[in-house]
$ cat work.cif   # mmCIF, C-alpha atoms
data_protein
loop_
_atom_site.label_atom_id
_atom_site.label_comp_id
_atom_site.auth_asym_id
_atom_site.auth_seq_id
_atom_site.Cartn_x
_atom_site.Cartn_y
_atom_site.Cartn_z
CA MET A 1 0.00 0.00 0.00
CA LYS A 2 1.34 3.38 -0.96
CA LEU A 3 1.67 5.69 1.98
CA LEU A 4 2.00 9.38 1.55
CA SER A 5 5.05 10.38 3.48
CA THR A 6 4.52 14.13 3.57
CA ALA A 7 4.40 15.16 7.18
CA ALA A 8 1.43 17.41 7.64
CA LEU A 9 1.06 19.79 10.49
CA VAL A 10 -1.70 18.88 12.81
CA SER A 11 -4.40 21.46 12.50
CA ALA A 12 -4.35 23.80 15.42
CA PHE A 13 -8.00 24.42 14.76
CA ALA A 14 -9.37 21.13 15.97
CA ILE A 15 -13.11 21.34 15.70
CA ALA A 16 -15.01 20.43 18.82
CA THR A 17 -17.26 17.44 18.36
CA SER A 18 -20.29 19.02 16.82
CA PHE A 19 -23.81 17.84 16.48
CA ALA A 20 -23.91 19.80 13.26
CA VAL A 21 -26.06 17.63 11.07
CA VAL A 22 -28.93 15.49 12.26
CA PRO A 23 -31.79 13.89 10.35
CA GLY A 24 -34.48 16.45 9.64
CA ASP A 25 -32.00 19.33 9.26
CA LYS A 26 -31.80 21.20 5.98
CA ALA A 27 -28.83 19.83 4.04
CA PRO A 28 -26.08 22.48 3.86
CA ASP A 29 -25.71 23.99 0.39
CA PHE A 30 -22.46 23.48 -1.45
CA THR A 31 -20.79 24.09 -4.77
CA ALA A 32 -17.83 21.96 -5.77
CA LYS A 33 -15.65 20.93 -8.69
CA THR A 34 -16.01 17.37 -9.86
CA ALA A 35 -13.13 15.10 -10.81
CA LYS A 36 -14.08 15.81 -14.43
CA GLY A 37 -13.61 19.54 -13.85
CA GLU A 38 -17.27 20.51 -13.91
CA GLU A 39 -18.95 22.60 -11.24
CA VAL A 40 -21.94 21.20 -9.39
CA SER A 41 -24.16 22.54 -6.63
CA LEU A 42 -26.57 20.77 -4.35
CA GLU A 43 -29.21 23.09 -5.82
CA ASP A 44 -28.77 21.38 -9.20
CA TYR A 45 -30.44 18.30 -7.68
CA LYS A 46 -33.47 20.00 -6.19
CA GLY A 47 -36.34 17.55 -5.86
CA LYS A 48 -34.09 14.51 -6.14
CA ILE A 49 -32.77 12.08 -3.57
CA VAL A 50 -29.03 12.64 -3.14
CA VAL A 51 -26.51 10.26 -1.60
CA LEU A 52 -23.21 11.58 -0.25
CA GLU A 53 -20.48 8.96 0.12
CA TRP A 54 -17.20 10.08 1.74
CA THR A 55 -14.23 8.27 0.27
CA ASN A 56 -10.49 7.80 0.55
CA PHE A 57 -9.38 5.04 -1.79
CA GLU A 58 -6.38 4.18 0.38
CA CYS A 59 -8.52 3.65 3.49
CA PRO A 60 -8.91 -0.09 4.19
CA PHE A 61 -12.61 0.32 5.03
CA VAL A 62 -13.24 1.96 1.64
CA GLN A 63 -11.19 -0.74 -0.06
CA LYS A 64 -13.35 -3.35 1.69
CA HIS A 65 -16.47 -2.02 -0.06
CA TYR A 66 -14.84 -1.42 -3.46
CA SER A 67 -12.76 -4.63 -3.69
CA GLY A 68 -15.86 -6.78 -3.36
CA LYS A 69 -17.89 -4.41 -5.59
CA ASN A 70 -20.41 -3.70 -2.83
CA MET A 71 -20.14 0.07 -3.30
CA GLN A 72 -20.29 -0.12 -7.09
CA ASN A 73 -23.36 -2.37 -6.91
CA LEU A 74 -25.12 0.04 -4.56
CA GLN A 75 -24.23 2.95 -6.86
CA LYS A 76 -25.56 1.08 -9.87
CA ASP A 77 -28.76 -0.07 -8.17
CA TYR A 78 -29.72 3.30 -6.77
CA THR A 79 -28.64 5.61 -9.62
CA GLY A 80 -30.77 3.23 -11.72
CA GLN A 81 -33.70 4.28 -9.53
CA GLY A 82 -33.06 7.98 -10.13
CA VAL A 83 -30.96 8.64 -7.04
CA VAL A 84 -28.08 11.13 -7.47
CA TRP A 85 -24.93 9.59 -5.99
CA LEU A 86 -22.09 11.97 -5.12
CA THR A 87 -18.80 10.52 -3.94
CA VAL A 88 -16.87 13.13 -1.93
CA ASN A 89 -13.11 13.12 -1.44
CA SER A 90 -12.21 15.42 1.48
CA SER A 91 -8.58 14.26 1.85
CA ALA A 92 -6.30 17.29 2.14
CA GLU A 93 -3.20 17.58 -0.03
CA GLY A 94 -0.42 15.43 1.45
CA LYS A 95 -2.86 13.22 3.37
CA GLN A 96 -3.96 9.68 2.63
CA GLY A 97 -6.44 9.47 -0.24
CA TYR A 98 -5.63 12.86 -1.75
CA LEU A 99 -5.63 12.77 -5.54
CA GLU A 100 -5.53 15.54 -8.12
CA ALA A 101 -8.69 15.80 -10.21
CA SER A 102 -7.38 13.82 -13.19
CA GLU A 103 -5.90 11.11 -10.93
CA LEU A 104 -9.13 10.90 -8.98
CA ASP A 105 -11.12 10.63 -12.19
CA LYS A 106 -8.86 7.79 -13.35
CA LYS A 107 -9.08 6.07 -9.97
CA VAL A 108 -12.89 6.03 -9.87
CA THR A 109 -12.97 4.81 -13.47
CA ASP A 110 -10.51 2.03 -12.64
CA GLU A 111 -12.59 1.08 -9.61
CA GLY A 112 -15.68 0.80 -11.80
CA SER A 113 -17.54 3.45 -9.82
CA MET A 114 -21.11 4.06 -10.92
CA ALA A 115 -21.49 7.29 -8.91
CA SER A 116 -23.19 10.21 -10.63
CA ASP A 117 -20.24 12.48 -9.83
CA VAL A 118 -17.12 12.64 -7.71
CA LEU A 119 -16.63 15.87 -5.76
CA ILE A 120 -13.26 17.33 -4.88
CA ASP A 121 -13.33 18.75 -1.35
CA THR A 122 -9.61 19.21 -0.65
CA ASP A 123 -10.26 22.10 1.74
CA GLY A 124 -12.76 19.94 3.64
CA LYS A 125 -15.53 22.57 3.55
CA ILE A 126 -18.27 20.18 2.48
CA GLY A 127 -17.06 17.46 4.84
CA LYS A 128 -17.05 19.78 7.82
CA ALA A 129 -20.41 21.35 6.92
CA TYR A 130 -21.89 17.84 6.97
CA ASP A 131 -19.80 16.68 9.95
CA ALA A 132 -18.38 13.82 7.90
CA LYS A 133 -16.23 11.83 10.31
CA VAL A 134 -14.95 8.76 8.53
CA THR A 135 -14.59 7.03 5.20
CA PRO A 136 -16.98 5.65 4.20
CA HIS A 137 -19.53 7.92 5.94
CA MET A 138 -22.89 7.66 4.16
CA MET A 139 -25.53 10.36 4.07
CA ILE A 140 -28.89 10.66 2.33
CA ILE A 141 -30.66 13.91 1.44
CA ASP A 142 -34.36 13.52 0.70
CA LYS A 143 -36.40 15.17 -2.06
CA ASP A 144 -37.18 18.08 0.26
CA GLY A 145 -33.48 18.82 0.71
CA LYS A 146 -33.38 17.52 4.27
CA ILE A 147 -30.91 15.11 5.83
CA ALA A 148 -32.64 11.73 5.97
CA TYR A 149 -29.73 9.53 7.06
CA THR A 150 -26.22 9.92 8.42
CA GLY A 151 -24.28 6.88 9.44
CA ALA A 152 -22.57 3.63 8.54
CA ILE A 153 -22.79 1.75 5.28
CA ASP A 154 -23.50 -1.45 7.24
CA SER A 155 -23.25 -2.94 10.70
CA LYS A 156 -19.84 -4.70 10.58
CA SER A 157 -16.97 -2.39 11.34
CA SER A 158 -14.25 -4.57 9.87
CA THR A 159 -11.90 -4.24 6.91
CA ASP A 160 -12.84 -7.67 5.58
CA ALA A 161 -14.89 -7.72 2.36
CA ALA A 162 -16.24 -11.16 3.35
CA ASP A 163 -18.22 -9.49 6.16
CA VAL A 164 -20.37 -7.44 3.77
CA GLU A 165 -22.84 -10.19 3.01
CA SER A 166 -23.74 -10.97 6.61
CA ALA A 167 -23.86 -7.34 7.79
CA ASP A 168 -27.11 -5.42 8.40
CA LYS A 169 -27.54 -3.14 5.40
CA LEU A 170 -28.09 0.03 7.43
CA PHE A 171 -27.54 2.49 4.58
CA ALA A 172 -29.40 0.51 1.89
CA ASN A 173 -32.37 -0.04 4.23
CA ALA A 174 -32.47 3.69 4.92
CA LEU A 175 -32.27 4.56 1.23
CA ASP A 176 -35.06 2.10 0.40
CA ALA A 177 -37.19 3.79 3.03
CA VAL A 178 -36.45 7.26 1.64
CA ILE A 179 -37.33 6.11 -1.90
CA ASN A 180 -40.58 4.53 -0.66
CA GLY A 181 -41.48 7.53 1.49
CA ASP A 182 -41.35 5.43 4.66
CA GLU A 183 -39.94 6.38 8.02
CA VAL A 184 -36.17 5.90 7.93
CA PRO A 185 -34.95 3.24 10.37
CA ASN A 186 -31.89 4.08 12.47
CA ALA A 187 -31.56 7.44 10.70
CA LYS A 188 -28.53 8.45 12.72
CA ASN A 189 -25.93 5.91 13.73
CA GLU A 190 -22.20 5.70 14.27
CA PRO A 191 -20.32 5.35 10.99
CA TYR A 192 -17.17 3.24 10.95
CA GLY A 193 -13.96 3.71 9.01
CA CYS A 194 -10.80 5.80 8.80
CA SER A 195 -11.04 9.35 10.08
CA VAL A 196 -11.59 11.76 7.17
CA LYS A 197 -8.10 13.04 6.37
CA TYR A 198 -8.86 16.77 6.56
CA MET B 1 8.19 -37.02 8.13
CA ASN B 2 4.67 -37.48 9.45
CA LEU B 3 2.03 -34.76 9.79
CA LYS B 4 2.70 -34.21 13.47
CA THR B 5 6.41 -33.65 12.84
CA LEU B 6 5.60 -31.32 9.97
CA LEU B 7 3.33 -29.25 12.17
CA LEU B 8 5.96 -29.16 14.88
CA ALA B 9 8.60 -28.06 12.36
CA ALA B 10 6.26 -25.36 11.07
CA ALA B 11 5.71 -24.16 14.61
CA ILE B 12 9.42 -24.03 15.34
CA PHE B 13 10.67 -22.41 12.15
CA THR B 14 8.00 -19.82 11.49
CA PRO B 15 9.15 -16.35 12.52
CA THR B 16 7.88 -15.12 15.88
CA ALA B 17 7.11 -11.53 14.87
CA VAL B 18 5.03 -11.12 11.75
CA HIS B 19 5.14 -7.94 9.69
CA ALA B 20 1.43 -7.26 9.46
CA ASN B 21 2.13 -4.10 7.45
CA GLU B 22 5.06 -1.71 6.93
CA LYS B 23 4.45 0.05 10.20
CA SER B 24 3.87 -2.72 12.74
CA THR B 25 4.70 -6.27 13.75
CA ALA B 26 2.67 -8.82 15.67
CA SER B 27 3.65 -11.91 17.65
CA TRP B 28 1.87 -14.34 19.96
CA TRP B 29 3.34 -15.82 23.14
CA TYR B 30 2.36 -18.22 25.88
CA ALA B 31 3.54 -18.84 29.39
CA GLU B 32 4.62 -22.18 30.81
CA PRO B 33 1.70 -24.59 30.54
CA GLN B 34 -0.87 -24.55 33.27
CA THR B 35 -3.50 -27.15 33.94
CA HIS B 36 -6.74 -25.21 33.67
CA LYS B 37 -5.85 -22.45 31.23
CA LEU B 38 -3.08 -21.26 28.99
CA GLN B 39 -2.26 -17.58 29.31
CA THR B 40 -1.21 -16.03 26.01
CA VAL B 41 -0.12 -12.54 24.97
CA ILE B 42 -0.36 -10.86 21.59
CA GLU B 43 2.48 -8.36 21.23
CA LEU B 44 1.91 -5.52 18.77
CA LYS B 45 4.80 -3.20 18.02
CA LEU B 46 4.13 0.02 16.11
CA LYS B 47 6.50 2.43 14.46
CA GLU B 48 6.74 5.86 16.04
CA GLY B 49 3.81 8.15 15.33
CA TRP B 50 1.30 5.33 14.75
CA HIS B 51 -1.40 4.08 17.07
CA THR B 52 -3.79 1.16 17.28
CA TYR B 53 -7.07 0.90 19.12
CA TRP B 54 -8.66 -0.22 22.40
CA GLU B 55 -11.83 -2.26 22.84
CA ASN B 56 -13.68 1.08 22.61
CA PRO B 57 -11.77 2.76 19.77
CA GLY B 58 -13.56 6.11 20.20
CA GLU B 59 -14.60 7.76 16.93
CA GLY B 60 -13.37 5.98 13.82
CA GLY B 61 -10.71 3.33 14.27
CA MET B 62 -11.25 -0.37 14.86
CA THR B 63 -11.11 -2.83 17.74
CA PRO B 64 -8.53 -5.58 17.08
CA GLU B 65 -10.14 -8.91 16.25
CA ILE B 66 -8.71 -12.41 16.37
CA GLU B 67 -9.80 -15.62 14.71
CA ILE B 68 -8.10 -18.65 16.24
CA GLU B 69 -7.71 -22.05 14.59
CA LEU B 70 -8.41 -23.97 17.76
CA PRO B 71 -7.22 -27.57 18.06
CA LYS B 72 -9.97 -30.06 18.87
CA GLY B 73 -11.34 -29.67 22.37
CA TRP B 74 -9.74 -26.27 22.98
CA ALA B 75 -11.62 -23.05 23.71
CA ALA B 76 -10.58 -19.39 23.77
CA GLY B 77 -11.58 -16.40 25.85
CA PRO B 78 -11.91 -12.84 24.59
CA ILE B 79 -9.03 -10.43 24.06
CA GLN B 80 -8.27 -8.62 27.33
CA PHE B 81 -6.99 -5.07 26.89
CA PRO B 82 -4.68 -3.04 29.12
CA VAL B 83 -5.50 0.58 29.97
CA PRO B 84 -5.40 2.73 26.82
CA LYS B 85 -4.36 6.34 26.36
CA ARG B 86 -6.32 9.18 24.79
CA PHE B 87 -5.31 10.55 21.41
CA THR B 88 -6.84 12.14 18.34
CA THR B 89 -6.69 10.90 14.77
CA GLY B 90 -7.04 14.06 12.74
CA GLU B 91 -9.84 15.62 14.72
CA LEU B 92 -11.47 12.43 16.00
CA PRO B 93 -10.92 11.52 19.66
CA GLY B 94 -9.92 7.91 20.25
CA PHE B 95 -8.52 5.41 22.74
CA GLY B 96 -5.64 3.05 22.13
CA TYR B 97 -1.94 2.45 22.18
CA GLU B 98 1.27 3.83 20.75
CA ASN B 99 4.65 2.08 20.32
CA LYS B 100 3.71 -1.29 21.84
CA VAL B 101 0.75 -3.06 23.39
CA LEU B 102 0.39 -6.48 25.02
CA LEU B 103 -3.09 -7.98 24.62
CA CYS B 104 -3.98 -10.98 26.77
CA LEU B 105 -6.07 -13.98 25.78
CA ASN B 106 -6.80 -17.19 27.67
CA LEU B 107 -6.86 -20.54 25.91
CA ILE B 108 -8.65 -23.39 27.64
CA PRO B 109 -7.18 -26.84 26.98
CA PRO B 110 -9.45 -29.89 26.82
CA PHE B 111 -10.10 -32.13 29.79
CA GLY B 112 -7.13 -34.41 30.38
CA PHE B 113 -4.63 -31.96 28.86
CA ASP B 114 -1.13 -33.44 29.15
CA GLY B 115 0.75 -30.13 29.11
CA ARG B 116 1.99 -30.43 25.54
CA ILE B 117 0.92 -27.42 23.48
CA PRO B 118 -0.11 -28.31 19.93
CA PRO B 119 0.63 -25.84 17.10
CA ILE B 120 -1.99 -23.09 17.33
CA THR B 121 -2.43 -20.38 14.72
CA ALA B 122 -4.62 -17.31 14.49
CA LYS B 123 -5.45 -14.43 12.20
CA LEU B 124 -5.28 -11.02 13.82
CA ASP B 125 -6.99 -8.02 12.21
CA TYR B 126 -6.26 -4.57 13.51
CA LEU B 127 -5.92 -1.01 12.31
CA ILE B 128 -3.11 1.46 12.77
CA CYS B 129 -3.49 5.16 12.06
CA ASN B 130 -1.71 8.45 12.33
CA ASP B 131 -3.05 11.87 11.35
CA ASN B 132 -2.29 11.27 7.69
CA ALA B 133 -3.28 7.68 7.08
CA CYS B 134 -4.86 4.46 8.32
CA VAL B 135 -3.38 1.10 7.39
CA PRO B 136 -4.84 -2.34 8.08
CA GLY B 137 -2.78 -4.86 10.02
CA LYS B 138 -3.40 -8.47 9.08
CA ALA B 139 -1.14 -10.97 10.81
CA ASN B 140 -0.98 -14.77 10.69
CA LEU B 141 0.14 -15.64 14.19
CA ASN B 142 1.84 -18.78 15.50
CA LEU B 143 1.72 -19.31 19.25
CA LYS B 144 5.25 -19.49 20.71
CA LEU B 145 6.75 -19.99 24.17
CA HIS B 146 8.32 -16.76 25.40
CA ASP B 147 11.82 -17.22 26.80
CA GLU B 148 11.29 -14.72 29.63
CA SER B 149 9.28 -16.41 32.35
CA ASN B 150 7.82 -13.13 33.59
CA PHE B 151 6.77 -11.75 30.19
CA VAL B 152 3.25 -13.21 30.13
CA PRO B 153 2.42 -12.74 33.85
CA ALA B 154 3.60 -9.11 33.66
CA ALA B 155 1.25 -8.45 30.74
CA TYR B 156 -1.67 -10.01 32.65
CA ALA B 157 -0.87 -7.86 35.68
CA LYS B 158 -1.69 -4.78 33.57
CA ILE B 159 -5.22 -5.89 32.73
CA PRO B 160 -7.75 -3.87 34.78
CA LYS B 161 -9.28 -5.89 37.60
CA LYS B 162 -13.02 -6.04 38.15
CA LEU B 163 -14.04 -3.90 41.11
CA ASP B 164 -17.03 -5.97 42.12
CA GLN B 165 -17.70 -4.19 45.39
CA ALA B 166 -18.26 -0.89 43.59
CA LYS B 167 -21.75 0.31 42.77
CA MET B 168 -22.03 2.71 39.84
CA VAL B 169 -25.28 4.36 38.79
CA VAL B 170 -25.56 6.35 35.58
CA THR B 171 -28.40 8.85 35.18
CA PRO B 172 -29.03 10.75 31.94
CA LYS B 173 -29.91 14.42 32.43
CA ASP B 174 -30.42 16.63 29.37
CA ASP B 175 -27.34 16.00 27.21
CA LEU B 176 -25.26 14.90 30.20
CA LEU B 177 -24.74 11.73 32.20
CA GLU B 178 -24.47 11.88 35.96
CA ILE B 179 -22.26 9.10 37.26
CA ARG B 180 -22.39 8.14 40.93
CA LEU B 181 -19.88 5.68 42.31
CA THR B 182 -20.19 4.13 45.76
CA LEU B 183 -17.44 2.05 47.37
CA PRO B 184 -17.45 0.10 50.64
CA ASN B 185 -16.01 1.86 53.70
CA ASP B 186 -12.85 -0.24 53.65
CA ALA B 187 -12.06 0.32 49.95
CA GLN B 188 -8.39 1.20 49.59
CA ILE B 189 -8.75 3.37 46.51
CA ASN B 190 -9.49 7.04 45.98
CA PRO B 191 -11.43 7.35 42.70
CA ALA B 192 -10.54 11.06 42.47
CA GLU B 193 -6.98 10.04 41.60
CA PHE B 194 -8.03 7.91 38.66
CA GLU B 195 -8.44 8.73 34.97
CA ILE B 196 -11.73 7.42 33.54
CA PHE B 197 -12.06 5.58 30.21
CA PRO B 198 -15.48 4.54 28.83
CA LEU B 199 -15.20 0.87 27.86
CA THR B 200 -18.76 0.75 26.51
CA ARG B 201 -19.03 2.47 23.15
CA ASN B 202 -21.44 5.31 22.44
CA VAL B 203 -22.30 6.22 26.03
CA ILE B 204 -19.85 8.97 27.03
CA ASP B 205 -18.64 11.49 24.42
CA PRO B 206 -15.04 10.36 23.70
CA ASP B 207 -13.92 14.01 23.78
CA GLU B 208 -14.78 14.12 27.49
CA ASN B 209 -12.25 13.43 30.23
CA PRO B 210 -14.36 13.37 33.40
CA ARG B 211 -12.88 12.90 36.89
CA PHE B 212 -14.61 11.74 40.05
CA LYS B 213 -15.04 14.16 42.93
CA ALA B 214 -15.67 13.10 46.49
CA SER B 215 -19.22 13.73 47.57
CA ASP B 216 -19.60 16.41 50.26
CA ASP B 217 -22.18 14.51 52.25
CA ASP B 218 -21.11 10.87 51.89
CA PRO B 219 -17.48 9.71 52.30
CA THR B 220 -18.15 6.49 50.35
CA THR B 221 -19.51 8.22 47.25
CA TRP B 222 -17.89 9.99 44.31
CA THR B 223 -19.67 11.72 41.43
CA THR B 224 -18.91 13.14 38.03
CA THR B 225 -20.77 14.30 34.94
CA ALA B 226 -19.90 13.84 31.31
CA LYS B 227 -21.43 14.81 27.99
CA GLN B 228 -23.47 12.07 26.38
CA ASN B 229 -22.08 10.46 23.28
CA GLU B 230 -23.62 11.70 20.05
CA TYR B 231 -25.02 8.18 19.52
CA TYR B 232 -26.12 7.60 23.13
CA ASP B 233 -29.20 5.44 23.51
CA PRO B 234 -30.69 5.31 27.03
CA GLU B 235 -32.05 1.85 26.17
CA GLY B 236 -28.62 0.67 25.01
CA LEU B 237 -25.85 -1.14 26.85
CA PRO B 238 -25.10 -0.14 30.44
CA LEU B 239 -21.87 1.76 30.96
CA THR B 240 -18.68 -0.01 31.94
CA ILE B 241 -15.66 2.12 32.71
CA VAL B 242 -11.98 1.46 33.24
CA ILE B 243 -10.15 3.66 35.72
CA SER B 244 -6.40 3.96 36.14
CA ASN B 245 -4.10 5.99 38.36
CA PRO B 246 -0.50 7.15 37.87
CA ASN B 247 0.76 4.22 40.01
CA GLY B 248 -0.41 1.78 37.34
CA GLU B 249 -3.41 0.50 39.32
CA SER B 250 -6.46 -0.07 37.16
CA TYR B 251 -9.98 -1.36 37.66
CA GLN B 252 -13.04 -2.14 35.61
CA ILE B 253 -16.42 -1.02 36.98
CA ASP B 254 -19.84 -1.99 35.62
CA SER B 255 -22.86 0.20 36.18
CA THR B 256 -26.07 -1.15 37.60
CA HIS B 257 -28.77 -0.62 35.03
#

$ encode --input "work.cif" --output "structure tokens"
Amino acid sequence: MKLLSTAALVSAFAIATSFAVVPGDKAPDFTAKTAKGEEVSLEDYKGKIVVLEWTNFECPFVQKHYSGKNMQNLQKDYTGQGVVWLTVNSSAEGKQGYLEASELDKKVTDEGSMASDVLIDTDGKIGKAYDAKVTPHMMIIDKDGKIAYTGAIDSKSSTDAADVESADKLFANALDAVINGDEVPNAKNEPYGCSVKY
Amino acid sequence: MNLKTLLLAAAIFTPTAVHANEKSTASWWYAEPQTHKLQTVIELKLKEGWHTYWENPGEGGMTPEIEIELPKGWAAGPIQFPVPKRFTTGELPGFGYENKVLLCLNLIPPFGFDGRIPPITAKLDYLICNDNACVPGKANLNLKLHDESNFVPAAYAKIPKKLDQAKMVVTPKDDLLEIRLTLPNDAQINPAEFEIFPLTRNVIDPDENPRFKASDDDPTTWTTTAKQNEYYDPEGLPLTIVISNPNGESYQIDSTH
């Protein structure tokens, strides 16, 4: 595994644990560049269900869900149902998972990602506005632009792809509920993974 | 060469410390055989600047997990963790270990055990992180006899002891938890001198570092308050804490629900 060796200064501006985003809150607006160099805003997806997936392709928990194609299958299934799927890379330059736009675009293509777009959030503004803690941290925004889910992709906090099948599908169950207009089960739970490398 | 000899040879010639990734090594040791249980220690060594995680890893991170290939008739207990330290990974508060940690694990031999240890292997999964990166540790362990007779007992001596005579009551109040600890009159410890670590996940906010204060009106009672964890569920698991003082004494205390 390639490790970035650049020593980064620890941010002196450690953010206190915030309860910034909870289900029912209005989803914070954002505008960001995609890995393809286009500009997108949350507003562009008004009236649609939007998934935010925080990623860092060097994080073993992200690799767990990409190596076994779990993430790609979820992306394919749900974008096929009209859901907008935005993968967000909040790794700062010099930190694990940071990739320049063209490298990131190549990486997601190589991984077979079926996400609608991949957002570059090198300064961490979107991640911090949403209180994204780990990779993968999964969030769902409903058609009314409100947070419907923030939490784990599933119930097994391991790095082993073999655990995916037997795990409770926390995120997929929530997204099914949002699509069907049902009450979202376990709408806020503890996500597992690597800390987002802000 | 028969199968038994092959297994023995494999056990002897496999390296003791396994490079689970570029930043850490893992090895697995046992003490001189005992009749009712075999005390074993998993030794994780980390390069400077990296940490691995406690049973409650805090936010992010991962609890080490072990899968043991147990010989027929053998059983295994859970991993027992020594007192962790507090750190942050990026901005996330966590609990765990830097440099080196010794994790303890009991193996129970079958009835009629003759004292000869068969080859025993295990797969250990853990995570190491620093501010910049997280790397998985996956180690194939072979149980070996440690040549220092005190190595295993010394590791076991650092596992927090259950403080059964303590009574701890946890009461949620707004976004706080009030924790009330009562000890018998003859208890030889002063909880005010101890650091508190929440062993149960998602009860106390991992950013908190509460300390007990002696109660003004009752010499056997100490109290503290701490912010509830963001994912706290009053119907969830009761709180267990580990407390440790600068002298290296440590205890585990379960709350009454």

$ resolve_selection --input "work.cif" --expression "the PyMOL selection byres ((chain A and resi 133) around 6)" --output "PyMOL selection string"
chain A and resi 132+134+195-196

$ resolve_selection --input "work.cif" --expression "the PyMOL selection byres ((chain A) within 6 of (chain B))" --output "PyMOL selection string"
chain A and resi 14+95-96+192-195

$ closest_residue --input "work.cif" --among "A:Tyr198, A:Pro191, A:Ser116, A:Ile126" --to "Thr31 (chain A)" --atoms "all atoms listed in the file"
A:Ile126

$ closest_residue --input "work.cif" --among "A:Ser41, A:Asn180, A:Thr79, A:Thr55" --to "Ala115 (chain A)" --atoms "only C-alpha atoms"
A:Thr79

$ residues_around --input "work.cif" --residues "Lys188 (chain A)" --least-positions-apart "2" --cutoff "6 Å" --atoms "all atoms listed in the file" --output "PDB file with C-alpha atoms, in the coordinates of the input"
ATOM      1  CA  TYR A 149     -29.730   9.530   7.060  1.00  0.00           C
ATOM      2  CA  THR A 150     -26.220   9.920   8.420  1.00  0.00           C
ATOM      3  CA  GLY A 151     -24.280   6.880   9.440  1.00  0.00           C
ATOM      4  CA  ASN A 186     -31.890   4.080  12.470  1.00  0.00           C
TER       5      ASN A 186
END

$ resolve_selection --input "work.cif" --expression "the PyMOL selection byres ((chain B and resi 175) around 6)" --output "ChimeraX atom specification"
/B:174,176,228

$ atom_distance --input "work.cif" --atom1 "CA of Cys104 (chain B)" --atom2 "CA of Glu32 (chain B)"
14.7 Å

$ atom_distance --input "work.cif" --atom1 "CA of Lys106 (chain A)" --atom2 "CA of Pro28 (chain A)"
28.4 Å
